[in-house]
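*Asks:* Input input32.cif, format and content: mmCIF, C-alpha atoms.
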data_run
loop_
_atom_site.group_PDB
_atom_site.id
_atom_site.type_symbol
_atom_site.label_atom_id
_atom_site.label_comp_id
_atom_site.auth_asym_id
_atom_site.auth_seq_id
_atom_site.Cartn_x
_atom_site.Cartn_y
_atom_site.Cartn_z
ATOM 1 C CA MET A 5 -34.781 -12.947 29.765
ATOM 2 C CA SER A 6 -31.615 -13.235 27.688
ATOM 3 C CA GLN A 7 -31.015 -10.981 24.706
ATOM 4 C CA ALA A 8 -29.234 -11.598 21.430
ATOM 5 C CA ARG A 9 -25.793 -10.173 20.785
ATOM 6 C CA LEU A 10 -25.988 -7.252 18.349
ATOM 7 C CA MET A 11 -24.022 -7.483 15.100
ATOM 8 C CA ASP A 12 -22.400 -4.065 14.859
ATOM 9 C CA GLY A 13 -22.305 -3.183 11.178
ATOM 10 C CA THR A 14 -21.358 0.423 11.914
ATOM 11 C CA GLY A 15 -18.122 -0.501 13.663
ATOM 12 C CA LEU A 16 -17.083 -3.122 11.119
ATOM 13 C CA ALA A 17 -17.922 -0.796 8.217
ATOM 14 C CA ARG A 18 -15.780 1.938 9.784
ATOM 15 C CA ARG A 19 -12.786 -0.408 9.903
ATOM 16 C CA ILE A 20 -13.333 -1.502 6.294
ATOM 17 C CA VAL A 21 -13.544 2.113 5.112
ATOM 18 C CA GLU A 22 -10.391 3.028 7.032
ATOM 19 C CA GLU A 23 -8.510 0.191 5.359
ATOM 20 C CA THR A 24 -10.023 1.144 2.006
ATOM 21 C CA ALA A 25 -8.825 4.733 2.452
ATOM 22 C CA LYS A 26 -5.279 3.471 3.069
ATOM 23 C CA ARG A 27 -5.446 1.397 -0.117
ATOM 24 C CA ALA A 28 -6.800 4.354 -2.093
ATOM 25 C CA ALA A 29 -4.008 6.601 -0.811
ATOM 26 C CA GLY A 30 -1.400 3.974 -1.657
ATOM 27 C CA LEU A 31 -2.814 3.600 -5.152
ATOM 28 C CA ALA A 32 -2.731 7.350 -5.739
ATOM 29 C CA GLN A 33 0.834 7.532 -4.462
ATOM 30 C CA ARG A 34 2.054 4.726 -6.724
ATOM 31 C CA THR A 35 0.177 5.665 -9.888
ATOM 32 C CA GLY A 36 -0.875 9.290 -9.538
ATOM 33 C CA VAL A 37 -4.458 8.127 -10.083
ATOM 34 C CA ALA A 38 -7.203 8.277 -7.446
ATOM 35 C CA PRO A 39 -9.974 5.654 -7.597
ATOM 36 C CA CYS A 40 -13.117 7.143 -9.132
ATOM 37 C CA LEU A 41 -16.743 6.093 -8.658
ATOM 38 C CA ALA A 42 -19.332 7.441 -11.097
ATOM 39 C CA THR A 43 -22.889 7.645 -9.817
ATOM 40 C CA VAL A 44 -25.765 7.887 -12.280
ATOM 41 C CA LEU A 45 -29.208 9.077 -11.202
ATOM 42 C CA VAL A 46 -32.283 9.322 -13.421
ATOM 43 C CA GLY A 47 -34.800 11.861 -12.142
ATOM 44 C CA GLU A 48 -34.955 13.452 -8.707
ATOM 45 C CA ASP A 49 -36.457 10.860 -6.391
ATOM 46 C CA PRO A 50 -35.810 12.430 -2.956
ATOM 47 C CA ALA A 51 -34.645 9.215 -1.292
ATOM 48 C CA SER A 52 -32.296 8.429 -4.193
ATOM 49 C CA VAL A 53 -30.885 11.973 -4.226
ATOM 50 C CA THR A 54 -30.156 11.718 -0.492
ATOM 51 C CA TYR A 55 -28.629 8.274 -0.878
ATOM 52 C CA VAL A 56 -26.341 9.367 -3.713
ATOM 53 C CA LYS A 57 -25.171 12.411 -1.738
ATOM 54 C CA MET A 58 -24.379 10.168 1.223
ATOM 55 C CA LYS A 59 -22.323 7.882 -1.012
ATOM 56 C CA GLN A 60 -20.459 10.863 -2.430
ATOM 57 C CA ASN A 61 -19.599 12.038 1.090
ATOM 58 C CA ARG A 62 -18.371 8.570 2.042
ATOM 59 C CA CYS A 63 -16.247 8.484 -1.111
ATOM 60 C CA ARG A 64 -14.502 11.685 -0.130
ATOM 61 C CA LYS A 65 -13.730 10.342 3.334
ATOM 62 C CA ALA A 66 -12.200 7.223 1.754
ATOM 63 C CA GLY A 67 -10.038 9.123 -0.732
ATOM 64 C CA ILE A 68 -12.223 8.076 -3.666
ATOM 65 C CA GLU A 69 -13.201 10.622 -6.284
ATOM 66 C CA SER A 70 -16.882 10.757 -7.176
ATOM 67 C CA ARG A 71 -18.346 11.832 -10.472
ATOM 68 C CA HIS A 72 -22.092 12.373 -10.471
ATOM 69 C CA VAL A 73 -24.187 12.188 -13.635
ATOM 70 C CA ALA A 74 -27.720 13.545 -13.140
ATOM 71 C CA LEU A 75 -30.131 12.703 -15.947
ATOM 72 C CA PRO A 76 -33.669 14.067 -16.405
ATOM 73 C CA ALA A 77 -36.613 11.894 -15.402
ATOM 74 C CA ASP A 78 -37.692 11.482 -19.046
ATOM 75 C CA THR A 79 -34.362 9.940 -20.082
ATOM 76 C CA THR A 80 -34.970 6.967 -22.362
ATOM 77 C CA THR A 81 -33.424 3.529 -21.978
ATOM 78 C CA ALA A 82 -31.288 4.227 -25.056
ATOM 79 C CA GLY A 83 -30.118 7.537 -23.595
ATOM 80 C CA LEU A 84 -29.216 5.938 -20.277
ATOM 81 C CA ILE A 85 -27.367 3.106 -22.005
ATOM 82 C CA SER A 86 -25.401 5.654 -24.028
ATOM 83 C CA THR A 87 -24.309 7.385 -20.807
ATOM 84 C CA LEU A 88 -23.315 4.074 -19.209
ATOM 85 C CA ASP A 89 -21.412 3.008 -22.324
ATOM 86 C CA ALA A 90 -19.406 6.234 -22.181
ATOM 87 C CA LEU A 91 -18.571 5.771 -18.510
ATOM 88 C CA SER A 92 -17.629 2.139 -19.124
ATOM 89 C CA ALA A 93 -15.181 3.270 -21.817
ATOM 90 C CA ASP A 94 -13.701 6.100 -19.732
ATOM 91 C CA PRO A 95 -10.350 5.019 -18.219
ATOM 92 C CA GLY A 96 -10.725 7.707 -15.554
ATOM 93 C CA VAL A 97 -13.769 5.928 -14.100
ATOM 94 C CA HIS A 98 -13.121 2.726 -12.136
ATOM 95 C CA GLY A 99 -16.571 1.961 -10.792
ATOM 96 C CA ILE A 100 -20.150 2.727 -11.860
ATOM 97 C CA LEU A 101 -23.192 2.915 -9.611
ATOM 98 C CA LEU A 102 -26.579 3.199 -11.317
ATOM 99 C CA GLN A 103 -29.044 4.318 -8.665
ATOM 100 C CA HIS A 104 -32.432 2.644 -8.741
ATOM 101 C CA PRO A 105 -35.387 2.848 -9.009
ATOM 102 C CA MET A 106 -35.093 4.675 -12.315
ATOM 103 C CA GLY A 107 -38.622 4.963 -13.652
ATOM 104 C CA ALA A 108 -41.046 2.375 -15.019
ATOM 105 C CA HIS A 109 -40.376 3.474 -18.615
ATOM 106 C CA ILE A 110 -36.730 2.331 -18.438
ATOM 107 C CA ASP A 111 -35.621 -1.244 -19.091
ATOM 108 C CA GLU A 112 -33.668 -1.645 -15.853
ATOM 109 C CA ARG A 113 -31.983 -4.895 -16.812
ATOM 110 C CA ALA A 114 -30.795 -3.512 -20.152
ATOM 111 C CA ALA A 115 -29.390 -0.483 -18.337
ATOM 112 C CA PHE A 116 -27.520 -2.602 -15.802
ATOM 113 C CA GLU A 117 -26.046 -4.726 -18.573
ATOM 114 C CA ALA A 118 -24.541 -1.599 -20.160
ATOM 115 C CA ILE A 119 -22.145 -1.395 -17.199
ATOM 116 C CA ALA A 120 -18.788 -3.002 -18.018
ATOM 117 C CA PRO A 121 -18.303 -6.041 -15.711
ATOM 118 C CA GLU A 122 -14.905 -4.768 -14.544
ATOM 119 C CA LYS A 123 -16.604 -1.554 -13.357
ATOM 120 C CA ASP A 124 -19.704 -3.181 -11.851
ATOM 121 C CA VAL A 125 -18.674 -2.399 -8.274
ATOM 122 C CA ASP A 126 -22.336 -2.538 -7.166
ATOM 123 C CA GLY A 127 -22.640 -6.141 -8.367
ATOM 124 C CA VAL A 128 -25.789 -5.700 -10.475
ATOM 125 C CA THR A 129 -24.899 -7.270 -13.832
ATOM 126 C CA LEU A 130 -25.536 -10.818 -14.989
ATOM 127 C CA SER A 131 -21.764 -11.261 -15.095
ATOM 128 C CA SER A 132 -21.475 -10.431 -11.402
ATOM 129 C CA TYR A 133 -24.419 -12.664 -10.489
ATOM 130 C CA SER A 134 -22.865 -15.551 -12.392
ATOM 131 C CA ALA A 135 -19.561 -15.015 -10.589
ATOM 132 C CA MET A 136 -21.334 -15.067 -7.220
ATOM 133 C CA SER A 137 -23.280 -18.186 -8.156
ATOM 134 C CA PHE A 138 -20.268 -20.126 -9.405
ATOM 135 C CA GLY A 139 -17.747 -18.866 -6.850
ATOM 136 C CA LEU A 140 -15.675 -17.149 -9.531
ATOM 137 C CA PRO A 141 -13.705 -13.885 -9.227
ATOM 138 C CA GLY A 142 -15.897 -10.828 -9.615
ATOM 139 C CA PHE A 143 -17.775 -8.190 -7.706
ATOM 140 C CA LEU A 144 -20.398 -9.047 -5.110
ATOM 141 C CA SER A 145 -23.758 -7.349 -4.859
ATOM 142 C CA CYS A 146 -22.958 -4.889 -2.095
ATOM 143 C CA THR A 147 -25.603 -5.755 0.475
ATOM 144 C CA PRO A 148 -25.089 -9.548 0.187
ATOM 145 C CA GLY A 149 -21.332 -9.007 0.284
ATOM 146 C CA GLY A 150 -21.704 -6.909 3.407
ATOM 147 C CA ILE A 151 -23.903 -9.563 5.016
ATOM 148 C CA MET A 152 -21.292 -12.262 4.429
ATOM 149 C CA ARG A 153 -18.610 -10.046 5.965
ATOM 150 C CA LEU A 154 -20.808 -9.550 9.024
ATOM 151 C CA LEU A 155 -21.287 -13.299 9.390
ATOM 152 C CA ASP A 156 -17.529 -13.816 9.172
ATOM 153 C CA GLU A 157 -16.876 -11.056 11.709
ATOM 154 C CA TYR A 158 -19.070 -12.845 14.229
ATOM 155 C CA ASP A 159 -17.668 -16.303 13.454
ATOM 156 C CA VAL A 160 -20.875 -17.591 11.889
ATOM 157 C CA ASP A 161 -19.956 -20.514 9.645
ATOM 158 C CA PRO A 162 -22.900 -21.225 7.321
ATOM 159 C CA ALA A 163 -21.671 -24.754 6.503
ATOM 160 C CA GLY A 164 -24.321 -27.317 7.344
ATOM 161 C CA LYS A 165 -26.766 -24.732 8.640
ATOM 162 C CA ARG A 166 -30.306 -24.146 7.420
ATOM 163 C CA ALA A 167 -30.467 -20.638 5.945
ATOM 164 C CA VAL A 168 -33.789 -19.044 5.067
ATOM 165 C CA VAL A 169 -33.747 -15.999 2.784
ATOM 166 C CA VAL A 170 -36.994 -14.048 2.776
ATOM 167 C CA GLY A 171 -37.021 -12.103 -0.487
ATOM 168 C CA ARG A 172 -35.871 -12.842 -4.025
ATOM 169 C CA SER A 173 -34.726 -9.544 -5.519
ATOM 170 C CA ALA A 174 -31.993 -9.685 -8.139
ATOM 171 C CA ILE A 175 -29.499 -7.668 -6.105
ATOM 172 C CA LEU A 176 -30.228 -8.892 -2.584
ATOM 173 C CA GLY A 177 -32.313 -11.988 -1.977
ATOM 174 C CA LYS A 178 -31.134 -14.145 -4.857
ATOM 175 C CA PRO A 179 -27.414 -13.365 -4.601
ATOM 176 C CA VAL A 180 -27.197 -13.673 -0.810
ATOM 177 C CA GLY A 181 -28.783 -17.104 -1.109
ATOM 178 C CA MET A 182 -26.169 -18.123 -3.680
ATOM 179 C CA LEU A 183 -23.349 -16.837 -1.492
ATOM 180 C CA LEU A 184 -24.693 -18.819 1.451
ATOM 181 C CA LEU A 185 -25.024 -21.899 -0.760
ATOM 182 C CA GLY A 186 -21.421 -21.396 -1.820
ATOM 183 C CA ARG A 187 -20.481 -21.593 1.850
ATOM 184 C CA ASP A 188 -22.299 -24.932 2.204
ATOM 185 C CA ALA A 189 -25.510 -23.736 3.851
ATOM 186 C CA THR A 190 -28.779 -25.446 2.985
ATOM 187 C CA VAL A 191 -30.726 -22.530 1.528
ATOM 188 C CA THR A 192 -34.461 -21.980 1.285
ATOM 189 C CA TYR A 193 -35.877 -18.951 -0.540
ATOM 190 C CA CYS A 194 -39.182 -17.530 0.662
ATOM 191 C CA HIS A 195 -41.312 -14.904 -1.057
ATOM 192 C CA SER A 196 -44.851 -13.577 -1.433
ATOM 193 C CA ARG A 197 -46.144 -16.952 -2.647
ATOM 194 C CA THR A 198 -44.573 -18.991 0.161
ATOM 195 C CA ALA A 199 -47.192 -20.923 2.090
ATOM 196 C CA ASP A 200 -46.914 -20.709 5.892
ATOM 197 C CA LEU A 201 -43.818 -18.539 6.067
ATOM 198 C CA SER A 202 -43.713 -18.826 9.854
ATOM 199 C CA SER A 203 -43.162 -22.585 9.774
ATOM 200 C CA VAL A 204 -40.236 -22.213 7.365
ATOM 201 C CA VAL A 205 -38.589 -19.460 9.412
ATOM 202 C CA ARG A 206 -38.893 -21.539 12.578
ATOM 203 C CA GLU A 207 -36.499 -24.119 11.091
ATOM 204 C CA ALA A 208 -33.810 -21.565 10.204
ATOM 205 C CA ASP A 209 -30.405 -21.365 11.851
ATOM 206 C CA ILE A 210 -29.768 -18.228 9.782
ATOM 207 C CA VAL A 211 -32.550 -15.861 8.704
ATOM 208 C CA VAL A 212 -31.939 -13.130 6.132
ATOM 209 C CA ALA A 213 -34.929 -10.787 5.876
ATOM 210 C CA ALA A 214 -34.822 -8.852 2.606
ATOM 211 C CA VAL A 215 -38.344 -8.230 1.443
ATOM 212 C CA GLY A 216 -39.153 -4.596 2.351
ATOM 213 C CA ARG A 217 -42.148 -5.254 4.601
ATOM 214 C CA PRO A 218 -41.944 -3.821 8.117
ATOM 215 C CA ARG A 219 -41.797 -6.364 10.955
ATOM 216 C CA LEU A 220 -42.772 -9.231 8.662
ATOM 217 C CA ILE A 221 -40.619 -11.691 10.623
ATOM 218 C CA ARG A 222 -42.084 -12.157 14.072
ATOM 219 C CA GLY A 223 -39.956 -12.842 17.104
ATOM 220 C CA GLU A 224 -41.958 -15.894 18.082
ATOM 221 C CA ASP A 225 -41.023 -17.504 14.757
ATOM 222 C CA VAL A 226 -37.278 -17.146 15.348
ATOM 223 C CA LYS A 227 -35.558 -20.365 16.382
ATOM 224 C CA PRO A 228 -33.845 -19.934 19.759
ATOM 225 C CA GLY A 229 -30.201 -19.030 19.169
ATOM 226 C CA ALA A 230 -30.649 -18.318 15.447
ATOM 227 C CA VAL A 231 -28.695 -15.665 13.568
ATOM 228 C CA VAL A 232 -31.058 -12.968 12.303
ATOM 229 C CA VAL A 233 -29.886 -10.581 9.581
ATOM 230 C CA ASP A 234 -32.344 -7.797 8.844
ATOM 231 C CA ALA A 235 -31.618 -6.255 5.438
ATOM 232 C CA GLY A 236 -34.908 -4.380 5.346
ATOM 233 C CA TYR A 237 -35.274 -0.660 5.836
ATOM 234 C CA ASN A 238 -38.718 0.852 6.100
ATOM 235 C CA ALA A 239 -40.199 4.170 7.179
ATOM 236 C CA GLY A 240 -39.436 5.068 10.768
ATOM 237 C CA ASN A 241 -36.142 3.143 10.956
ATOM 238 C CA VAL A 242 -38.012 -0.145 11.033
ATOM 239 C CA GLY A 243 -36.630 -3.335 9.530
ATOM 240 C CA ASP A 244 -38.304 -6.449 8.156
ATOM 241 C CA VAL A 245 -37.900 -8.160 11.540
ATOM 242 C CA ASP A 246 -39.855 -7.333 14.685
ATOM 243 C CA PHE A 247 -36.662 -6.508 16.543
ATOM 244 C CA ASP A 248 -38.117 -6.109 20.038
ATOM 245 C CA THR A 249 -39.449 -9.664 20.112
ATOM 246 C CA ALA A 250 -36.752 -11.304 17.968
ATOM 247 C CA VAL A 251 -33.922 -9.979 20.137
ATOM 248 C CA THR A 252 -35.195 -12.111 23.024
ATOM 249 C CA ARG A 253 -34.874 -15.353 21.041
ATOM 250 C CA ALA A 254 -32.025 -14.925 18.543
ATOM 251 C CA GLY A 255 -28.383 -15.573 19.327
ATOM 252 C CA LEU A 256 -27.132 -12.820 17.023
ATOM 253 C CA ILE A 257 -29.161 -10.070 15.363
ATOM 254 C CA THR A 258 -28.507 -6.969 13.271
ATOM 255 C CA PRO A 259 -30.054 -3.703 14.450
ATOM 256 C CA VAL A 260 -31.859 -1.311 12.093
ATOM 257 C CA PRO A 261 -30.237 1.077 11.533
ATOM 258 C CA GLY A 262 -26.593 0.244 12.200
ATOM 259 C CA GLY A 263 -26.458 -3.323 10.976
ATOM 260 C CA VAL A 264 -26.551 -4.164 7.267
ATOM 261 C CA GLY A 265 -26.845 -0.604 5.898
ATOM 262 C CA PRO A 266 -23.329 0.628 6.738
ATOM 263 C CA MET A 267 -21.868 -2.615 5.377
ATOM 264 C CA THR A 268 -23.481 -2.032 1.982
ATOM 265 C CA ILE A 269 -21.711 1.289 1.465
ATOM 266 C CA ALA A 270 -18.414 -0.003 2.888
ATOM 267 C CA THR A 271 -18.508 -2.893 0.403
ATOM 268 C CA LEU A 272 -19.194 -0.478 -2.465
ATOM 269 C CA LEU A 273 -16.183 1.675 -1.564
ATOM 270 C CA GLU A 274 -13.923 -1.326 -1.059
ATOM 271 C CA GLN A 275 -14.898 -2.806 -4.417
ATOM 272 C CA THR A 276 -14.322 0.537 -6.138
ATOM 273 C CA VAL A 277 -10.717 0.562 -4.943
ATOM 274 C CA THR A 278 -10.338 -3.094 -5.951
ATOM 275 C CA GLY A 279 -11.664 -2.215 -9.413
ATOM 276 C CA ALA A 280 -9.188 0.639 -9.724
ATOM 277 C CA GLU A 281 -6.304 -1.602 -8.688
ATOM 278 C CA ARG A 282 -7.261 -4.237 -11.260
ATOM 279 C CA GLN A 283 -7.747 -1.721 -14.066
ATOM 280 C CA LEU A 284 -4.380 -0.142 -13.336
ATOM 281 C CA GLY A 285 -2.693 -3.539 -13.384
ATOM 282 C CA LEU A 286 -1.879 -3.725 -9.667
#
Just give me the structure of the file as structure tokens.
*Replies:*
Amino acid sequence: MSQARLMDGTGLARRIVEETAKRAAGLAQRTGVAPCLATVLVGEDPASVTYVKMKQNRCRKAGIESRHVALPADTTTAGLISTLDALSADPGVHGILLQHPMGAHIDERAAFEAIAPEKDVDGVTLSSYSAMSFGLPGFLSCTPGGIMRLLDEYDVDPAGKRAVVVGRSAILGKPVGMLLLGRDATVTYCHSRTADLSSVVREADIVVAAVGRPRLIRGEDVKPGAVVVDAGYNAGNVGDVDFDTAVTRAGLITPVPGGVGPMTIATLLEQTVTGAERQLGL
């Protein structure tokens, strides 16, 4: 039984971070300014705390300064917006990452929109989504941006292919579908109300699973030779795709972990350096 080729996000991300570190060092040498990413965390959600610390460590390895702003769990929307406004106005900060989730009492969209577009290196604002949708200059949502880089690395041209995106979140499902559409794929969005998901997935040349439900996509529903991108991450290092069965039918597939995850952080770091270069007029 043949097996799909694995799409190595870890290796590609390492190369991107190495190149990003060279750019950061060059920027510091020319201007005396190191790129700076500010991370903002509301509350002490254990997974978010761990994730932010990991990003800070990756920043250091890439020659990017990190500034962490920890806010109490009872921070109001107005208080969070005030913090984000200050960071947006600070010339020493080149990128802003607002970690989510941030509590049901906070207006998440209003908070995201307080991030200046030129510092939205996580690609979460309406400005960034519009840029992705219309193919205009701007920052990509990091996971979709990382997915597109993976496709390019493995010579997957979306043009003319049927792409099925399972999930419609504002920072993953929706934008990755728009990026695929911009590359001339025929895109179908699936979600919790989709009738007979299996039949839709069976038609896909490219499947992007981004819904946060373990092993939702079954191997028997994968079209032989299809490209399967698993952007899900669930307890126990399990993705949204049943990897063990899908790997026997797909042509290319991302592992979990080691596929999409490393690409997300690499894209964040790369876009932070790009933001610094733009803001410093380079």
*Asks:* Given the PyMOL selection byres ((chain A and resi 84-89) around 9) and the file above, list the residues it selects as an MDAnalysis selection string.
*Replies:* chainID A and resid 44 46 73 75 79:83 90:94 100 102 110 114:120
*Asks:* Restrict the calculation to all atoms listed in the file, then for each residue of segment 27-132 of chain A with any atom at most 10 Å from an atom of segment 170-185 of chain A give the closest atom pair and their distance in Å to one decimal, rows by chain and rising residue number, as a tab-separated table.
*Replies:*
residue	atom	partner	partner_atom	distance
A:Arg113	CA	A:Ala174	CA	9.9
A:Asp126	CA	A:Ile175	CA	8.9
A:Gly127	CA	A:Ile175	CA	7.4
A:Val128	CA	A:Ile175	CA	6.1
A:Thr129	CA	A:Ile175	CA	9.0
A:Leu130	CA	A:Ala174	CA	9.5
A:Ser132	CA	A:Pro179	CA	9.5
*Asks:* One decimal, in Å: what's the spacing between atom CA of Pro266 of chain A and atom CA of Arg9 of chain A?
*Replies:*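 Spanning atom CA of Pro266 of chain A to atom CA of Arg9 of chain A is a straight-line distance of 17.9 Å.
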*Asks:* From the list A:Thr198, A:Gln103, A:Ser137, A:Thr24, which residue is nearest Asp49 of chain A when using only C-alpha atoms?
*Replies:*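 For Asp49 of chain A, the nearest of the candidates is A:Gln103.
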*Asks:* Excluding same-chain residues fewer than 2 positions from segment 25-32 of chain A, what lies within 9 Å of it counting all atoms listed in the file, as a PDB file with C-alpha atoms, in the coordinates of the input?
*Replies:*
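Produced file out-v2.pdb, reproduced below:
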ATOM      1  CA  ILE A  20     -13.333  -1.502   6.294  1.00  0.00           C
ATOM      2  CA  VAL A  21     -13.544   2.113   5.112  1.00  0.00           C
ATOM      3  CA  GLU A  22     -10.391   3.028   7.032  1.00  0.00           C
ATOM      4  CA  GLU A  23      -8.510   0.191   5.359  1.00  0.00           C
ATOM      5  CA  ARG A  34       2.054   4.726  -6.724  1.00  0.00           C
ATOM      6  CA  THR A  35       0.177   5.665  -9.888  1.00  0.00           C
ATOM      7  CA  GLY A  36      -0.875   9.290  -9.538  1.00  0.00           C
ATOM      8  CA  VAL A  37      -4.458   8.127 -10.083  1.00  0.00           C
ATOM      9  CA  ALA A  38      -7.203   8.277  -7.446  1.00  0.00           C
ATOM     10  CA  PRO A  39      -9.974   5.654  -7.597  1.00  0.00           C
ATOM     11  CA  LYS A  65     -13.730  10.342   3.334  1.00  0.00           C
ATOM     12  CA  ALA A  66     -12.200   7.223   1.754  1.00  0.00           C
ATOM     13  CA  GLY A  67     -10.038   9.123  -0.732  1.00  0.00           C
ATOM     14  CA  ILE A  68     -12.223   8.076  -3.666  1.00  0.00           C
ATOM     15  CA  LEU A 273     -16.183   1.675  -1.564  1.00  0.00           C
ATOM     16  CA  GLU A 274     -13.923  -1.326  -1.059  1.00  0.00           C
ATOM     17  CA  VAL A 277     -10.717   0.562  -4.943  1.00  0.00           C
ATOM     18  CA  THR A 278     -10.338  -3.094  -5.951  1.00  0.00           C
ATOM     19  CA  ALA A 280      -9.188   0.639  -9.724  1.00  0.00           C
ATOM     20  CA  GLU A 281      -6.304  -1.602  -8.688  1.00  0.00           C
ATOM     21  CA  LEU A 286      -1.879  -3.725  -9.667  1.00  0.00           C
TER      22      LEU A 286
END
